[in-house]
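Asker: Take a look at upload30.pdb, PDB, C-alpha atoms:
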```
MODEL        1
ATOM      1  CA  MET A   1       0.000   0.000   0.000
ATOM      2  CA  GLN A   2       1.322   3.422  -0.902
ATOM      3  CA  ILE A   3       1.431   6.178   1.692
ATOM      4  CA  GLU A   4      -1.334   8.158  -0.018
ATOM      5  CA  GLN A   5      -3.678   5.163   0.096
ATOM      6  CA  PHE A   6      -2.769   4.517   3.737
ATOM      7  CA  GLN A   7      -3.566   8.132   4.645
ATOM      8  CA  ARG A   8      -6.959   7.978   2.872
ATOM      9  CA  THR A   9      -7.822   4.663   4.528
ATOM     10  CA  LEU A  10      -6.835   6.007   7.955
ATOM     11  CA  GLY A  11      -8.829   9.184   7.348
ATOM     12  CA  ASN A  12     -11.885   7.129   6.465
ATOM     13  CA  ARG A  13     -11.447   5.063   9.639
ATOM     14  CA  ILE A  14     -11.224   8.209  11.760
ATOM     15  CA  ARG A  15     -14.343   9.644  10.088
ATOM     16  CA  ASP A  16     -16.295   6.411  10.641
ATOM     17  CA  LEU A  17     -15.304   6.250  14.318
ATOM     18  CA  ARG A  18     -16.195   9.920  14.814
ATOM     19  CA  LYS A  19     -19.607   9.415  13.252
ATOM     20  CA  LYS A  20     -20.246   6.369  15.458
ATOM     21  CA  GLN A  21     -19.772   8.705  18.430
ATOM     22  CA  GLY A  22     -22.353  11.049  16.931
ATOM     23  CA  TRP A  23     -19.928  13.965  16.763
ATOM     24  CA  SER A  24     -19.749  16.542  14.027
ATOM     25  CA  GLN A  25     -16.331  17.130  12.552
ATOM     26  CA  GLU A  26     -16.182  20.480  14.358
ATOM     27  CA  GLU A  27     -17.115  18.945  17.716
ATOM     28  CA  PHE A  28     -14.537  16.175  17.304
ATOM     29  CA  ALA A  29     -11.861  18.698  16.347
ATOM     30  CA  ASP A  30     -12.679  20.741  19.459
ATOM     31  CA  ARG A  31     -12.504  17.648  21.666
ATOM     32  CA  CYS A  32      -9.088  16.815  20.154
ATOM     33  CA  ASP A  33      -7.892  20.445  20.383
ATOM     34  CA  ILE A  34      -7.267  20.441  16.633
ATOM     35  CA  HIS A  35      -8.456  23.082  14.159
ATOM     36  CA  ARG A  36     -11.563  21.999  12.225
ATOM     37  CA  SER A  37      -9.971  22.565   8.826
ATOM     38  CA  TYR A  38      -7.004  20.399   9.858
ATOM     39  CA  MET A  39      -9.429  17.686  11.002
ATOM     40  CA  GLY A  40     -11.117  17.823   7.608
ATOM     41  CA  ALA A  41      -7.776  17.348   5.897
ATOM     42  CA  ILE A  42      -6.981  14.417   8.210
ATOM     43  CA  GLU A  43     -10.266  12.732   7.330
ATOM     44  CA  ARG A  44      -9.596  13.265   3.617
ATOM     45  CA  GLY A  45      -6.158  11.670   4.009
ATOM     46  CA  GLU A  46      -4.239  14.789   3.061
ATOM     47  CA  TYR A  47      -1.768  14.713   5.962
ATOM     48  CA  ASN A  48       0.845  12.293   7.187
ATOM     49  CA  LEU A  49      -0.050  12.375  10.887
ATOM     50  CA  THR A  50       2.429  12.536  13.727
ATOM     51  CA  LEU A  51       2.315  10.020  16.545
ATOM     52  CA  ALA A  52       1.196  12.804  18.872
ATOM     53  CA  THR A  53      -1.819  13.553  16.673
ATOM     54  CA  LEU A  54      -2.677   9.854  16.344
ATOM     55  CA  TYR A  55      -2.538   9.609  20.126
ATOM     56  CA  LYS A  56      -4.860  12.632  20.553
ATOM     57  CA  LEU A  57      -7.382  11.179  18.117
ATOM     58  CA  ALA A  58      -7.319   7.714  19.690
ATOM     59  CA  LYS A  59      -7.554   9.095  23.226
ATOM     60  CA  THR A  60     -10.559  11.233  22.310
ATOM     61  CA  LEU A  61     -12.205   8.208  20.661
ATOM     62  CA  GLN A  62     -11.372   6.206  23.819
ATOM     63  CA  ILE A  63      -9.437   3.561  21.910
ATOM     64  CA  THR A  64      -5.758   2.673  21.614
ATOM     65  CA  VAL A  65      -3.579   3.792  18.738
ATOM     66  CA  SER A  66      -3.152   0.134  17.803
ATOM     67  CA  SER A  67      -6.958  -0.243  17.602
ATOM     68  CA  LEU A  68      -7.114   2.831  15.399
ATOM     69  CA  LEU A  69      -4.563   1.306  13.012
ATOM     70  CA  LYS A  70      -5.817  -2.297  13.210
ATOM     71  CA  GLY A  71      -6.576  -3.725   9.789
ATOM     72  CA  ILE A  72      -5.037  -0.771   7.978
ATOM     73  CA  ILE A  73      -1.407  -1.859   8.204
TER      74      ILE A  73
ENDMDL
END
```
Render the structure in this file as structure tokens.

Answerer:
Amino acid sequence: MQIEQFQRTLGNRIRDLRKKQGWSQEEFADRCDIHRSYMGAIERGEYNLTLATLYKLAKTLQITVSSLLKGII
């Protein structure tokens, strides 16, 4: 899998998990202390996330980073 495909797949996973929580993108971004436009880019797979950002997202979703990445890599 190429990095671009990985980023899109991860972004889709994050979006799906956010929606399961019933959060808007803006609400999720606020909970993660991330700007809404940056969150949109994450969900579209436009950014290569840092470990710190992955940790923030997973913590807010109340899952582990490994659970967030499970099945993607």

Asker: For segment 11-13 of chain A, find every residue with an atom within 12 Å (counting all atoms listed in the file), except residues of its own chain fewer than 4 positions away, and show them as a ChimeraX atom specification.

Answerer: /A:4-7,17-20,38-49,54,57-58,61,67-72

Asker: Considering all atoms listed in the file, state which residue in the set A:Thr9, A:Thr60, A:Thr53, A:Gln2 is at the smallest distance from Arg31 of chain A.

Answerer: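 Of A:Thr9, A:Thr60, A:Thr53, A:Gln2, the one nearest Arg31 of chain A, counting all atoms listed in the file, is A:Thr60.
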
Asker: Measure the distance from atom CA of Arg36 of chain A to atom CA of Lys59 of chain A in Å and round it to one decimal.

Answerer: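 Computed distance, atom CA of Arg36 of chain A to atom CA of Lys59 of chain A, equals 17.4 Å.
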
Asker: Any idea what the distance is between atom CA of Tyr55 of chain A and atom CA of Ile73 of chain A?

Answerer: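 Atom-to-atom, atom CA of Tyr55 of chain A to atom CA of Ile73 of chain A, that is 16.6 Å.
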
Asker: Report, as JSON, the centre and edge lengths in Å (one decimal) of the axis-aligned box enclosing every listed atom of segment 12-22 of chain A, padded by 3 Å on each side.

Answerer:
```
{"center_x": -16.8, "center_y": 8.1, "center_z": 12.4, "size_x": 17.1, "size_y": 12.0, "size_z": 18.0}
```

Asker: Go ahead and compute the interatomic distance for atom CA of Gln21 of chain A and atom CA of Ile3 of chain A, in Å to one decimal.

Answerer: 27.1 Å

Asker: Pull segment 24-68 of chain A out of the block and emit C-alpha atoms, as a PDB file, in the first residue's frame.

Answerer:
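Written file, part-v7.pdb:
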```pdb
ATOM      1  CA  SER A  24     -19.749  16.542  14.027  1.00  0.00           C
ATOM      2  CA  GLN A  25     -16.331  17.130  12.552  1.00  0.00           C
ATOM      3  CA  GLU A  26     -16.182  20.480  14.358  1.00  0.00           C
ATOM      4  CA  GLU A  27     -17.115  18.945  17.716  1.00  0.00           C
ATOM      5  CA  PHE A  28     -14.537  16.175  17.304  1.00  0.00           C
ATOM      6  CA  ALA A  29     -11.861  18.698  16.347  1.00  0.00           C
ATOM      7  CA  ASP A  30     -12.679  20.741  19.459  1.00  0.00           C
ATOM      8  CA  ARG A  31     -12.504  17.648  21.666  1.00  0.00           C
ATOM      9  CA  CYS A  32      -9.088  16.815  20.154  1.00  0.00           C
ATOM     10  CA  ASP A  33      -7.892  20.445  20.383  1.00  0.00           C
ATOM     11  CA  ILE A  34      -7.267  20.441  16.633  1.00  0.00           C
ATOM     12  CA  HIS A  35      -8.456  23.082  14.159  1.00  0.00           C
ATOM     13  CA  ARG A  36     -11.563  21.999  12.225  1.00  0.00           C
ATOM     14  CA  SER A  37      -9.971  22.565   8.826  1.00  0.00           C
ATOM     15  CA  TYR A  38      -7.004  20.399   9.858  1.00  0.00           C
ATOM     16  CA  MET A  39      -9.429  17.686  11.002  1.00  0.00           C
ATOM     17  CA  GLY A  40     -11.117  17.823   7.608  1.00  0.00           C
ATOM     18  CA  ALA A  41      -7.776  17.348   5.897  1.00  0.00           C
ATOM     19  CA  ILE A  42      -6.981  14.417   8.210  1.00  0.00           C
ATOM     20  CA  GLU A  43     -10.266  12.732   7.330  1.00  0.00           C
ATOM     21  CA  ARG A  44      -9.596  13.265   3.617  1.00  0.00           C
ATOM     22  CA  GLY A  45      -6.158  11.670   4.009  1.00  0.00           C
ATOM     23  CA  GLU A  46      -4.239  14.789   3.061  1.00  0.00           C
ATOM     24  CA  TYR A  47      -1.768  14.713   5.962  1.00  0.00           C
ATOM     25  CA  ASN A  48       0.845  12.293   7.187  1.00  0.00           C
ATOM     26  CA  LEU A  49      -0.050  12.375  10.887  1.00  0.00           C
ATOM     27  CA  THR A  50       2.429  12.536  13.727  1.00  0.00           C
ATOM     28  CA  LEU A  51       2.315  10.020  16.545  1.00  0.00           C
ATOM     29  CA  ALA A  52       1.196  12.804  18.872  1.00  0.00           C
ATOM     30  CA  THR A  53      -1.819  13.553  16.673  1.00  0.00           C
ATOM     31  CA  LEU A  54      -2.677   9.854  16.344  1.00  0.00           C
ATOM     32  CA  TYR A  55      -2.538   9.609  20.126  1.00  0.00           C
ATOM     33  CA  LYS A  56      -4.860  12.632  20.553  1.00  0.00           C
ATOM     34  CA  LEU A  57      -7.382  11.179  18.117  1.00  0.00           C
ATOM     35  CA  ALA A  58      -7.319   7.714  19.690  1.00  0.00           C
ATOM     36  CA  LYS A  59      -7.554   9.095  23.226  1.00  0.00           C
ATOM     37  CA  THR A  60     -10.559  11.233  22.310  1.00  0.00           C
ATOM     38  CA  LEU A  61     -12.205   8.208  20.661  1.00  0.00           C
ATOM     39  CA  GLN A  62     -11.372   6.206  23.819  1.00  0.00           C
ATOM     40  CA  ILE A  63      -9.437   3.561  21.910  1.00  0.00           C
ATOM     41  CA  THR A  64      -5.758   2.673  21.614  1.00  0.00           C
ATOM     42  CA  VAL A  65      -3.579   3.792  18.738  1.00  0.00           C
ATOM     43  CA  SER A  66      -3.152   0.134  17.803  1.00  0.00           C
ATOM     44  CA  SER A  67      -6.958  -0.243  17.602  1.00  0.00           C
ATOM     45  CA  LEU A  68      -7.114   2.831  15.399  1.00  0.00           C
TER      46      LEU A  68
END
```
